[in-house]
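Report on one structure; see the data block that follows.
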Amino acid sequence: MTEKAADRKPLLSKKIDKFFAGLADAWNFVLRFFKELFVPPYEFKEVIHQCYRIGVESLPLISLTGFIVGIVFTNQSRPSLAEFGATSWLPSLISIAVVRAMGPLVTALIAAGKVGSSIGAEIASMKVTEQIDAMEVSATNPFKFLVVSRVIATTLMIPLLVMYTDFVALIGSFLSVNANEMVSMTTFFVQVFESISFLDITSSILKSLLFGFTIGIVGCYKGYHSSKGTEGVGRAANAAVVMAMFLIFIEELLVLQIVNAIRAF
Amino acid sequence: MREKVVEIRGLEKSFGDLDVLKDVNLELYKGENLVVLGKSGSGKSVLIKIMVGLLKQDSGSMNVLGREISTLKTKELNELRLRIGFSFQNSALYDSMTVRENMEFPLVRNVKNLSKKEITMKIEGLLDSVGLPQSINQMPSELSGGQKKRIGVARTLILEPEIMLYDEPTAGLDPITCGELNALINQVKDEYNTSSIVITHDLTCAKDTGDRVAVLLDGEFNAVGTFEEIFPNAEDPRIKSFYDYNFINS
Ligand SMILES: Nc1ncnc2c1ncn2[C@@H]1O[C@H](COP(=O)(O)OP(=O)(O)OP(=O)(O)O)[C@@H](O)[C@H]1O
Ligand SMILES: [Mg+2]
């Protein structure tokens, strides 16, 4: 028993050491991003290219999920509201739920799966095949070209995609409400816009910027620090998704606390 | 005495418990092709990666074009890197870009004020000289191993380096393509006036391209000299086995 504990201890302390070393590494990576963000030369072309890629990669899936989320959420909420004879509140309920929580969360999770993993895999495979070294020896800055451009792109694109998801989800919801409660489009959208506040929209955008940044930086970090060898590529892609999703939920929780504090103020 | 472009003194490098380079001493003279032979894992790639600052030595001196590599700041290192061409063991072409974009990449980022036409002319000229003018719009995934190697060489030549470092240019290629690449290496030396280090375990390549040959064994250079001086009648069994394996039937 005592022997076992003695065996385990160095292993545990090693693990803790490794954890903090990883944390310091990640922190330095984020710092480096902000340092290089403002130093020329700028890779504008690559940023545009990445924005386009992110949009194209995630648009079909986001359209579908957003639409379905809108319909499903409406249909699930209806019976509860009907109990109180309050189905006329459906548009308000849905718009608040979609704009405050579902839109950003659904978009970010899907983008983490689609975009985060592809960034992680791409950069890891460039590292394994020495493409990053090749950039370095040709006196160009691979961090700027690969990391800075991708993180800028995700940070800019996720908020746009979130607005799009919100819109598609509301369309889905409208179709359901229109079919069941015979509410016209104008009535529906007037009610939607009456129920969401300025704070809802700003906090949703700020949250999306944060999610976008997280997806980009985590994907790049996992790719850049992948182990050599082909299995490192798969592992980087996987780790990028898991870590990004985990952080997105934590951030969602934190932002919620902050926004609620502001609301109460 | 000829001018030295690279001078290595007492260089050591280890990874954890693994001592890869123990006491490396070597010089590269201006205008020569120096072939570095050594078995797999002997640290040949590590050596030239230290030369361009991708890895850092533990101790000893690595002097390239008059500069001590380990003391350079990022900016100075980048200026020096422009004068060194590095052809990677597995080509390292950027696989999301076409051949043209691969070649443009270092050019537009390091040479300012080139017109579109000048860039295209430069790229086409280089592709011509490596014998692949028709590949300009292809993706790396559409090229064969030998073609990738050539494009890799062309990409490093675009900045007109003074020193070329070839990491196993002929590994994994058929004998005919090997011959073509050896010819390319010699052509580069004559046309662009470069000094080169060619890493290989292929003795035909060593014989065809090397003005001098250096053999890396157990972390140091045991034999340095012309091919004829070192080989056919080598006494060291490790060097001998190199020769025997390559020319077993001749
Ligand atoms: N970045 C690194 N981290 C840890 N070990 C490394 C690293 N780079 C190389 N090594 C180790 O150093 C040794 C020499 O590697 P190197 O790539 O220089 O061999 P090589 O002589 O080029 O062999 P090959 O002919 O197979 O390319 C190997 O044992 C390798 O595992
Ligand atoms: Mg090697």
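We name chains A, B, ... following the order of the structure tokens; residues begin at 1 in each chain, and ligands are numbered from 1 as shown.
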**Study point:** Distance-based interface of chain A with chain B, 8 Å, counting only C-alpha atoms, as a list in words
**Key:**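 Taken together, these residues fit the definition: Met126, Thr129, Glu130, Gln131, Asp133, Ala134, Met135, Glu136, Val137, Ser138, Ala139 and Thr140 of chain A.
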I need the chosen residues saved as a compact mmCIF listing (two decimals), in the first residue's frame, with all heavy atoms.
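Below is the file that was written, result20.txt:
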# COMPACT_ATOMS: atom_id res chain seq x y z
N MET A 126 1.16 20.30 -41.67
CA MET A 126 2.22 21.15 -42.19
C MET A 126 3.47 21.06 -41.32
O MET A 126 4.58 21.17 -41.79
CB MET A 126 1.77 22.61 -42.25
CG MET A 126 0.71 22.85 -43.30
SD MET A 126 0.34 24.59 -43.50
CE MET A 126 1.80 25.16 -44.35
N THR A 129 5.15 17.52 -42.02
CA THR A 129 5.84 17.43 -43.31
C THR A 129 6.84 18.57 -43.51
O THR A 129 7.25 18.85 -44.62
CB THR A 129 4.83 17.45 -44.46
OG1 THR A 129 4.03 18.62 -44.33
CG2 THR A 129 3.91 16.24 -44.42
N GLU A 130 7.20 19.22 -42.43
CA GLU A 130 8.25 20.25 -42.42
C GLU A 130 7.91 21.49 -43.24
O GLU A 130 8.78 22.27 -43.59
CB GLU A 130 9.60 19.66 -42.88
CG GLU A 130 10.10 18.57 -41.96
CD GLU A 130 11.46 18.02 -42.36
OE1 GLU A 130 11.62 17.69 -43.55
OE2 GLU A 130 12.34 17.92 -41.50
N GLN A 131 6.62 21.68 -43.56
CA GLN A 131 6.27 22.89 -44.31
C GLN A 131 6.45 24.14 -43.48
O GLN A 131 6.79 25.21 -44.00
CB GLN A 131 4.81 22.80 -44.79
CG GLN A 131 4.60 21.71 -45.83
CD GLN A 131 3.14 21.57 -46.20
OE1 GLN A 131 2.46 22.54 -46.52
NE2 GLN A 131 2.63 20.36 -46.16
N ASP A 133 8.76 24.48 -41.12
CA ASP A 133 10.20 24.73 -41.15
C ASP A 133 10.61 25.38 -42.47
O ASP A 133 11.47 26.25 -42.51
CB ASP A 133 10.97 23.40 -41.00
CG ASP A 133 10.93 22.90 -39.57
OD1 ASP A 133 10.58 23.69 -38.67
OD2 ASP A 133 11.26 21.71 -39.35
N ALA A 134 9.98 24.92 -43.56
CA ALA A 134 10.32 25.47 -44.87
C ALA A 134 10.00 26.96 -44.94
O ALA A 134 10.75 27.74 -45.52
CB ALA A 134 9.59 24.72 -45.98
N MET A 135 8.88 27.37 -44.34
CA MET A 135 8.56 28.79 -44.31
C MET A 135 9.61 29.54 -43.50
O MET A 135 10.09 30.60 -43.89
CB MET A 135 7.19 29.01 -43.67
CG MET A 135 6.05 28.61 -44.57
SD MET A 135 4.47 28.99 -43.82
CE MET A 135 3.41 28.34 -45.09
N GLU A 136 9.97 28.94 -42.38
CA GLU A 136 10.94 29.59 -41.51
C GLU A 136 12.28 29.80 -42.22
O GLU A 136 12.84 30.88 -42.13
CB GLU A 136 11.13 28.74 -40.24
CG GLU A 136 11.62 29.55 -39.09
CD GLU A 136 10.92 29.19 -37.79
OE1 GLU A 136 9.73 28.84 -37.79
OE2 GLU A 136 11.59 29.24 -36.78
N VAL A 137 12.77 28.78 -42.91
CA VAL A 137 14.08 28.95 -43.53
C VAL A 137 14.03 29.84 -44.77
O VAL A 137 15.06 30.30 -45.23
CB VAL A 137 14.76 27.61 -43.92
CG1 VAL A 137 15.03 26.77 -42.70
CG2 VAL A 137 13.96 26.85 -44.94
N SER A 138 12.83 30.10 -45.29
CA SER A 138 12.79 31.07 -46.38
C SER A 138 12.51 32.46 -45.82
O SER A 138 11.99 33.34 -46.51
CB SER A 138 11.77 30.67 -47.45
OG SER A 138 10.48 30.68 -46.91
N ALA A 139 12.85 32.65 -44.55
CA ALA A 139 12.81 33.96 -43.91
C ALA A 139 11.42 34.58 -43.88
O ALA A 139 11.27 35.80 -43.89
CB ALA A 139 13.80 34.92 -44.56
N THR A 140 10.39 33.74 -43.88
CA THR A 140 9.06 34.29 -43.67
C THR A 140 8.56 33.77 -42.32
O THR A 140 9.05 32.77 -41.83
CB THR A 140 8.08 33.84 -44.77
OG1 THR A 140 8.12 32.42 -44.84
CG2 THR A 140 8.44 34.43 -46.09
Chain A near ligand 1 within 12 Å: what's each residue's closest atom pair and its distance in Å to one decimal, counting only C-alpha atoms and all ligand atoms, ordered by chain then ascending residue number, as a Markdown table?
| residue | atom | partner | partner_atom_place_in_ligand_line | distance |
| --- | --- | --- | --- | --- |
| A:Lys127 | CA | ligand 1 | 1 (N) | 11.5 |
| A:Val128 | CA | ligand 1 | 1 (N) | 11.0 |
| A:Glu130 | CA | ligand 1 | 1 (N) | 11.2 |
| A:Asp133 | CA | ligand 1 | 1 (N) | 11.4 |
| A:Ser227 | CA | ligand 1 | 3 (N) | 10.1 |
| A:Lys228 | CA | ligand 1 | 1 (N) | 8.7 |
| A:Gly229 | CA | ligand 1 | 1 (N) | 11.7 |
Check your understanding: Neighbours of ligand 2 within 8 Å, counting only C-alpha atoms and all ligand atoms, as a PyMOL selection string?
Key -> chain B and resi 40-41+43-46+89+167-168+199
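Counting only C-alpha atoms and comparing A:Thr187, A:Thr87, A:Ser149, A:Ser117, the residue that lies closest to Cys51 in chain A is A:Ser149.
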Practice item. Identify, on the basis of only C-alpha atoms, every residue whose closest approach to Val255 in chain A does not exceed 10 Å; exclude the query and any residue fewer than 3 positions from it along the same chain; express the result as a list in words. Key: Ser203, Ser204, Leu206, Lys207, Leu210, Phe249, Ile250, Glu251, Glu252, Ile258, Val259, Asn260 and Ala261 of chain A
Can I get the selected residues back with all heavy atoms, as a compact mmCIF listing (two decimals), in the first residue's frame?
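After the write, selection02.txt holds the following:
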# COMPACT_ATOMS: atom_id res chain seq x y z
N SER A 203 -24.13 41.58 -26.18
CA SER A 203 -23.48 40.47 -25.46
C SER A 203 -23.36 39.25 -26.36
O SER A 203 -22.37 38.51 -26.29
CB SER A 203 -24.23 40.13 -24.18
OG SER A 203 -25.44 39.48 -24.49
N SER A 204 -24.34 39.06 -27.23
CA SER A 204 -24.26 37.93 -28.16
C SER A 204 -23.10 38.10 -29.13
O SER A 204 -22.37 37.14 -29.42
CB SER A 204 -25.58 37.82 -28.92
OG SER A 204 -25.42 37.04 -30.07
N LEU A 206 -20.35 40.00 -28.63
CA LEU A 206 -19.08 39.89 -27.90
C LEU A 206 -18.74 38.43 -27.58
O LEU A 206 -17.61 37.99 -27.72
CB LEU A 206 -19.14 40.71 -26.61
CG LEU A 206 -19.09 42.22 -26.82
CD1 LEU A 206 -19.23 42.97 -25.50
CD2 LEU A 206 -17.79 42.62 -27.52
N LYS A 207 -19.78 37.71 -27.19
CA LYS A 207 -19.60 36.30 -26.87
C LYS A 207 -19.12 35.54 -28.12
O LYS A 207 -18.22 34.71 -28.04
CB LYS A 207 -20.94 35.75 -26.39
CG LYS A 207 -20.87 34.42 -25.73
CD LYS A 207 -22.10 34.16 -24.88
CE LYS A 207 -23.37 34.10 -25.71
NZ LYS A 207 -24.54 33.71 -24.90
N LEU A 210 -15.54 36.07 -28.83
CA LEU A 210 -14.75 35.26 -27.90
C LEU A 210 -14.72 33.79 -28.35
O LEU A 210 -13.66 33.16 -28.38
CB LEU A 210 -15.36 35.37 -26.50
CG LEU A 210 -14.57 34.78 -25.35
CD1 LEU A 210 -13.22 35.46 -25.22
CD2 LEU A 210 -15.35 34.92 -24.05
N PHE A 249 -18.04 26.20 -23.50
CA PHE A 249 -19.04 26.07 -22.43
C PHE A 249 -18.64 26.89 -21.21
O PHE A 249 -19.48 27.56 -20.59
CB PHE A 249 -19.24 24.60 -22.05
CG PHE A 249 -20.14 23.88 -23.02
CD1 PHE A 249 -19.66 22.87 -23.83
CD2 PHE A 249 -21.49 24.25 -23.12
CE1 PHE A 249 -20.49 22.23 -24.74
CE2 PHE A 249 -22.32 23.60 -24.02
CZ PHE A 249 -21.82 22.59 -24.82
N ILE A 250 -17.36 26.84 -20.86
CA ILE A 250 -16.88 27.62 -19.71
C ILE A 250 -17.12 29.11 -19.96
O ILE A 250 -17.63 29.84 -19.10
CB ILE A 250 -15.37 27.38 -19.49
CG1 ILE A 250 -15.08 25.91 -19.30
CG2 ILE A 250 -14.85 28.24 -18.33
CD1 ILE A 250 -15.17 25.43 -17.89
N GLU A 251 -16.79 29.55 -21.17
CA GLU A 251 -16.95 30.96 -21.51
C GLU A 251 -18.42 31.36 -21.48
O GLU A 251 -18.78 32.43 -20.99
CB GLU A 251 -16.35 31.25 -22.89
CG GLU A 251 -14.83 31.25 -22.91
CD GLU A 251 -14.26 31.15 -24.30
OE1 GLU A 251 -15.04 31.14 -25.29
OE2 GLU A 251 -13.02 31.06 -24.42
N GLU A 252 -19.27 30.48 -21.99
CA GLU A 252 -20.71 30.73 -22.00
C GLU A 252 -21.20 31.00 -20.58
O GLU A 252 -21.93 31.94 -20.30
CB GLU A 252 -21.43 29.52 -22.61
CG GLU A 252 -22.95 29.52 -22.48
CD GLU A 252 -23.63 30.47 -23.45
OE1 GLU A 252 -23.18 30.55 -24.61
OE2 GLU A 252 -24.60 31.13 -23.05
N ILE A 258 -21.74 37.44 -16.07
CA ILE A 258 -21.44 38.86 -16.23
C ILE A 258 -22.66 39.62 -16.75
O ILE A 258 -23.05 40.66 -16.22
CB ILE A 258 -20.24 39.06 -17.19
CG1 ILE A 258 -18.98 38.47 -16.55
CG2 ILE A 258 -20.03 40.54 -17.52
CD1 ILE A 258 -17.79 38.37 -17.48
N VAL A 259 -23.31 39.05 -17.78
CA VAL A 259 -24.45 39.72 -18.38
C VAL A 259 -25.60 39.84 -17.38
O VAL A 259 -26.26 40.88 -17.27
CB VAL A 259 -24.92 38.99 -19.66
CG1 VAL A 259 -26.24 39.56 -20.16
CG2 VAL A 259 -23.86 39.10 -20.73
N ASN A 260 -25.81 38.78 -16.61
CA ASN A 260 -26.87 38.83 -15.60
C ASN A 260 -26.59 39.89 -14.55
O ASN A 260 -27.50 40.57 -14.07
CB ASN A 260 -27.06 37.47 -14.94
CG ASN A 260 -27.90 36.55 -15.81
OD1 ASN A 260 -28.53 37.02 -16.77
ND2 ASN A 260 -27.92 35.27 -15.50
N ALA A 261 -25.31 40.02 -14.20
CA ALA A 261 -24.93 41.05 -13.23
C ALA A 261 -25.25 42.44 -13.80
O ALA A 261 -25.79 43.30 -13.10
CB ALA A 261 -23.46 40.93 -12.89
**Study point:** Test item: residues at most 12 Å from Pro104 in chain A, only C-alpha atoms, excluding those fewer than 6 positions along its chain, as a PyMOL selection string
**Key:** chain A and resi 62+66+97-98+110-112+158-167+169+200-201+203-212+248-249+251-252+255
Exercise for review: Just list the residues in range 156-235 of chain B DSSP gives alpha helix (DSSP H) on the backbone, as number ranges by chain.
Suggested key: B: 156-157, 175-192, 203-209, 227-230
Would you save the residues from that selection as a short mmCIF file (atom, residue, chain, number, x, y, z; two decimals), in the first residue's frame, using N, CA and C atoms?
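again-v3.cif was written with the following content:
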data_model
loop_
_atom_site.label_atom_id
_atom_site.label_comp_id
_atom_site.auth_asym_id
_atom_site.auth_seq_id
_atom_site.Cartn_x
_atom_site.Cartn_y
_atom_site.Cartn_z
N THR B 156 13.76 26.85 -53.63
CA THR B 156 14.84 27.43 -52.84
C THR B 156 15.76 28.28 -53.69
N LEU B 157 15.83 27.96 -55.00
CA LEU B 157 16.72 28.73 -55.87
C LEU B 157 16.18 30.12 -56.18
N PRO B 175 16.77 4.88 -60.22
CA PRO B 175 18.13 5.26 -60.65
C PRO B 175 18.16 6.34 -61.72
N ILE B 176 17.20 6.31 -62.65
CA ILE B 176 17.24 7.30 -63.73
C ILE B 176 16.95 8.69 -63.18
N THR B 177 15.91 8.77 -62.34
CA THR B 177 15.58 10.06 -61.74
C THR B 177 16.71 10.55 -60.83
N CYS B 178 17.35 9.60 -60.13
CA CYS B 178 18.51 9.95 -59.31
C CYS B 178 19.57 10.63 -60.17
N GLY B 179 19.83 10.01 -61.32
CA GLY B 179 20.83 10.58 -62.23
C GLY B 179 20.46 11.99 -62.65
N GLU B 180 19.15 12.18 -62.92
CA GLU B 180 18.70 13.52 -63.33
C GLU B 180 18.88 14.54 -62.21
N LEU B 181 18.59 14.09 -61.00
CA LEU B 181 18.76 15.03 -59.88
C LEU B 181 20.22 15.36 -59.62
N ASN B 182 21.08 14.33 -59.77
CA ASN B 182 22.51 14.61 -59.63
C ASN B 182 22.96 15.63 -60.66
N ALA B 183 22.46 15.47 -61.88
CA ALA B 183 22.81 16.44 -62.92
C ALA B 183 22.30 17.82 -62.55
N LEU B 184 21.10 17.86 -61.98
CA LEU B 184 20.52 19.14 -61.57
C LEU B 184 21.40 19.82 -60.51
N ILE B 185 21.86 19.02 -59.57
CA ILE B 185 22.71 19.57 -58.50
C ILE B 185 23.98 20.18 -59.08
N ASN B 186 24.57 19.47 -60.02
CA ASN B 186 25.78 20.00 -60.65
C ASN B 186 25.50 21.23 -61.49
N GLN B 187 24.33 21.20 -62.16
CA GLN B 187 23.94 22.34 -62.99
C GLN B 187 23.71 23.58 -62.13
N VAL B 188 23.08 23.38 -60.97
CA VAL B 188 22.84 24.50 -60.05
C VAL B 188 24.17 25.11 -59.62
N LYS B 189 25.12 24.25 -59.32
CA LYS B 189 26.43 24.72 -58.87
C LYS B 189 27.08 25.59 -59.95
N ASP B 190 27.02 25.13 -61.20
CA ASP B 190 27.67 25.87 -62.28
C ASP B 190 26.90 27.15 -62.63
N GLU B 191 25.55 27.01 -62.71
CA GLU B 191 24.75 28.13 -63.18
C GLU B 191 24.62 29.23 -62.14
N TYR B 192 24.41 28.83 -60.90
CA TYR B 192 24.13 29.82 -59.86
C TYR B 192 25.32 30.06 -58.96
N LEU B 203 25.83 6.34 -52.81
CA LEU B 203 27.21 6.60 -53.20
C LEU B 203 27.35 7.07 -54.64
N THR B 204 26.41 6.68 -55.49
CA THR B 204 26.46 7.16 -56.86
C THR B 204 26.28 8.68 -56.87
N CYS B 205 25.33 9.10 -56.06
CA CYS B 205 25.10 10.54 -55.93
C CYS B 205 26.36 11.21 -55.39
N ALA B 206 26.99 10.57 -54.38
CA ALA B 206 28.19 11.14 -53.80
C ALA B 206 29.29 11.27 -54.85
N LYS B 207 29.41 10.23 -55.64
CA LYS B 207 30.47 10.21 -56.63
C LYS B 207 30.23 11.25 -57.73
N ASP B 208 28.96 11.34 -58.16
CA ASP B 208 28.64 12.23 -59.28
C ASP B 208 28.64 13.70 -58.89
N THR B 209 28.24 14.00 -57.65
CA THR B 209 28.07 15.42 -57.32
C THR B 209 29.16 15.96 -56.40
N PHE B 227 36.25 11.44 -53.19
CA PHE B 227 35.63 10.11 -53.22
C PHE B 227 36.71 9.02 -53.32
N GLU B 228 37.67 9.24 -54.20
CA GLU B 228 38.70 8.23 -54.42
C GLU B 228 39.60 8.06 -53.19
N GLU B 229 39.83 9.16 -52.49
CA GLU B 229 40.67 9.06 -51.29
C GLU B 229 40.00 8.20 -50.22
N ILE B 230 38.69 8.36 -50.09
CA ILE B 230 38.01 7.69 -48.99
C ILE B 230 37.61 6.28 -49.35
#
**Study point:** 10 Å contact set for Phe231 in chain B, only C-alpha atoms, chain neighbours under 3 positions out, as an MDAnalysis selection string
**Key:** chainID B and resid 203 207 213 223 225:228 234:235 239:240 242:244
Next, write the just-selected residues to a file, as a PDB file, in the first residue's frame, keeping N, CA, C and O atoms as the atom set.
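Written out: part_25.pdb:
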ATOM      1  N   LEU B 203      25.831   6.342 -52.806  1.00  0.00           N
ATOM      2  CA  LEU B 203      27.214   6.600 -53.196  1.00  0.00           C
ATOM      3  C   LEU B 203      27.350   7.073 -54.637  1.00  0.00           C
ATOM      4  O   LEU B 203      28.282   7.787 -54.972  1.00  0.00           O
ATOM      5  N   LYS B 207      29.408  10.232 -55.637  1.00  0.00           N
ATOM      6  CA  LYS B 207      30.473  10.206 -56.635  1.00  0.00           C
ATOM      7  C   LYS B 207      30.231  11.247 -57.730  1.00  0.00           C
ATOM      8  O   LYS B 207      31.153  11.941 -58.150  1.00  0.00           O
ATOM      9  N   VAL B 213      33.962  14.468 -50.068  1.00  0.00           N
ATOM     10  CA  VAL B 213      32.999  13.644 -49.358  1.00  0.00           C
ATOM     11  C   VAL B 213      33.393  13.643 -47.879  1.00  0.00           C
ATOM     12  O   VAL B 213      34.585  13.592 -47.551  1.00  0.00           O
ATOM     13  N   ALA B 223      36.103  10.657 -41.871  1.00  0.00           N
ATOM     14  CA  ALA B 223      36.891  10.714 -43.091  1.00  0.00           C
ATOM     15  C   ALA B 223      36.396  11.862 -43.945  1.00  0.00           C
ATOM     16  O   ALA B 223      35.205  11.992 -44.181  1.00  0.00           O
ATOM     17  N   GLY B 225      37.494  13.847 -47.592  1.00  0.00           N
ATOM     18  CA  GLY B 225      38.420  13.872 -48.718  1.00  0.00           C
ATOM     19  C   GLY B 225      37.672  13.635 -50.006  1.00  0.00           C
ATOM     20  O   GLY B 225      36.440  13.633 -50.018  1.00  0.00           O
ATOM     21  N   THR B 226      38.387  13.446 -51.105  1.00  0.00           N
ATOM     22  CA  THR B 226      37.693  13.160 -52.348  1.00  0.00           C
ATOM     23  C   THR B 226      37.167  11.735 -52.291  1.00  0.00           C
ATOM     24  O   THR B 226      37.601  10.937 -51.460  1.00  0.00           O
ATOM     25  N   PHE B 227      36.251  11.438 -53.192  1.00  0.00           N
ATOM     26  CA  PHE B 227      35.635  10.115 -53.216  1.00  0.00           C
ATOM     27  C   PHE B 227      36.708   9.025 -53.321  1.00  0.00           C
ATOM     28  O   PHE B 227      36.675   8.037 -52.594  1.00  0.00           O
ATOM     29  N   GLU B 228      37.665   9.243 -54.203  1.00  0.00           N
ATOM     30  CA  GLU B 228      38.705   8.226 -54.421  1.00  0.00           C
ATOM     31  C   GLU B 228      39.597   8.059 -53.190  1.00  0.00           C
ATOM     32  O   GLU B 228      40.063   6.967 -52.895  1.00  0.00           O
ATOM     33  N   ALA B 234      38.772   1.686 -48.410  1.00  0.00           N
ATOM     34  CA  ALA B 234      38.617   2.140 -47.031  1.00  0.00           C
ATOM     35  C   ALA B 234      38.961   1.027 -46.055  1.00  0.00           C
ATOM     36  O   ALA B 234      38.718  -0.143 -46.324  1.00  0.00           O
ATOM     37  N   GLU B 235      39.556   1.413 -44.925  1.00  0.00           N
ATOM     38  CA  GLU B 235      39.905   0.394 -43.930  1.00  0.00           C
ATOM     39  C   GLU B 235      38.848   0.279 -42.838  1.00  0.00           C
ATOM     40  O   GLU B 235      38.542  -0.820 -42.378  1.00  0.00           O
ATOM     41  N   ILE B 239      32.867   2.338 -43.006  1.00  0.00           N
ATOM     42  CA  ILE B 239      32.923   3.036 -44.291  1.00  0.00           C
ATOM     43  C   ILE B 239      32.931   2.017 -45.427  1.00  0.00           C
ATOM     44  O   ILE B 239      32.276   2.187 -46.452  1.00  0.00           O
ATOM     45  N   LYS B 240      33.648   0.939 -45.189  1.00  0.00           N
ATOM     46  CA  LYS B 240      33.751  -0.116 -46.194  1.00  0.00           C
ATOM     47  C   LYS B 240      32.377  -0.710 -46.497  1.00  0.00           C
ATOM     48  O   LYS B 240      32.034  -0.933 -47.648  1.00  0.00           O
ATOM     49  N   PHE B 242      29.553   0.671 -46.303  1.00  0.00           N
ATOM     50  CA  PHE B 242      28.835   1.632 -47.132  1.00  0.00           C
ATOM     51  C   PHE B 242      29.113   1.379 -48.601  1.00  0.00           C
ATOM     52  O   PHE B 242      28.230   1.272 -49.437  1.00  0.00           O
ATOM     53  N   TYR B 243      30.415   1.258 -48.879  1.00  0.00           N
ATOM     54  CA  TYR B 243      30.866   1.104 -50.259  1.00  0.00           C
ATOM     55  C   TYR B 243      30.408  -0.233 -50.827  1.00  0.00           C
ATOM     56  O   TYR B 243      29.852  -0.300 -51.918  1.00  0.00           O
ATOM     57  N   ASP B 244      30.618  -1.285 -50.036  1.00  0.00           N
ATOM     58  CA  ASP B 244      30.267  -2.623 -50.499  1.00  0.00           C
ATOM     59  C   ASP B 244      28.786  -2.720 -50.840  1.00  0.00           C
ATOM     60  O   ASP B 244      28.401  -3.313 -51.837  1.00  0.00           O
TER      61      ASP B 244
END
Exercise for review: Identify which of the residues A:Phe246, A:Phe143, A:Trp89, A:Phe213 lies closest to Val192 in chain A, counting only C-alpha atoms when measuring atom-to-atom distances.
Suggested key: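 For Val192 in chain A, the nearest of the given residues is A:Trp89.
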Point to revise | Proximity to Phe38 in chain A - best of A:Ile152, A:Leu199, A:Ile16, A:Val99, only C-alpha atoms | key: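 Between A:Ile152, A:Leu199, A:Ile16, A:Val99, the residue approaching Phe38 in chain A most closely is A:Ile152.
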Practice item. Using DSSP on the backbone coordinates, identify all residues within range 24-199 of chain B classified as strand (DSSP E or B); present the result as an NGL selection string. Key: :B and (24-29 or 33-37 or 59-64 or 67-68 or 84-87 or 163-167 or 195-199)
Write a file of the selected residues as a tab-separated table (two decimals), in the first residue's frame, keeping C-alpha atoms.
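Below is the file out.tsv, written as the result:
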chain	number	residue	atom	x	y	z
B	24	VAL	CA	31.71	17.85	-35.45
B	25	ASN	CA	34.40	19.75	-37.34
B	26	LEU	CA	33.91	20.62	-40.97
B	27	GLU	CA	34.36	23.36	-43.50
B	28	LEU	CA	32.66	24.13	-46.78
B	29	TYR	CA	34.70	26.07	-49.32
B	33	ASN	CA	29.91	20.50	-53.58
B	34	LEU	CA	30.49	18.71	-50.31
B	35	VAL	CA	28.73	15.39	-49.88
B	36	VAL	CA	27.86	14.28	-46.36
B	37	LEU	CA	27.40	10.55	-45.97
B	59	SER	CA	28.01	23.78	-27.65
B	60	GLY	CA	30.62	24.48	-30.29
B	61	SER	CA	30.66	26.93	-33.14
B	62	MET	CA	28.69	27.06	-36.37
B	63	ASN	CA	29.91	29.86	-38.56
B	64	VAL	CA	28.02	30.47	-41.81
B	67	ARG	CA	28.25	34.87	-38.93
B	68	GLU	CA	28.00	32.79	-35.79
B	84	ILE	CA	20.97	29.85	-47.83
B	85	GLY	CA	18.74	27.47	-49.77
B	86	PHE	CA	17.39	24.48	-47.91
B	87	SER	CA	15.95	21.60	-49.89
B	163	ILE	CA	24.78	28.13	-50.21
B	164	MET	CA	22.52	25.19	-51.07
B	165	LEU	CA	21.75	22.47	-48.57
B	166	TYR	CA	20.24	19.34	-50.10
B	167	ASP	CA	18.79	16.85	-47.63
B	195	SER	CA	28.51	26.17	-52.60
B	196	SER	CA	26.52	23.11	-51.59
B	197	ILE	CA	26.22	20.46	-48.97
B	198	VAL	CA	24.56	17.33	-50.32
B	199	ILE	CA	23.35	14.84	-47.75
Spatial neighbours of range 69-73 of chain A, max dist 7 Å, only C-alpha atoms, sep filter under 3 positions, as a compact mmCIF listing (two decimals) with C-alpha atoms, in the first residue's frame:
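Final output, saved to around_37.txt:
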# COMPACT_ATOMS: atom_id res chain seq x y z
CA THR A 65 -28.92 22.88 -37.73
CA GLY A 66 -30.07 26.46 -37.20
CA GLN A 76 -41.09 21.67 -27.72
CA SER A 77 -42.03 24.92 -26.02
CA ALA A 169 -33.49 29.59 -36.58
CA LEU A 170 -36.07 32.35 -36.42
CA GLY A 172 -37.67 27.87 -38.82
CA SER A 173 -39.55 28.98 -35.77
CA SER A 176 -43.89 26.44 -37.18
Exercise for review: Name all residues at most 12 Å from Glu194 in chain A (count only C-alpha atoms; drop same-chain ones fewer than 3 positions away) and give them as a list of chain:residue names.
Suggested key: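 Contacts, in chain order: A:Trp89, A:Pro91, A:Ser92, A:Leu93, A:Ser95, A:Ile96, A:Thr187, A:Phe188, A:Phe189, A:Val190, A:Gln191, A:Ser197, A:Phe198, A:Asp200.
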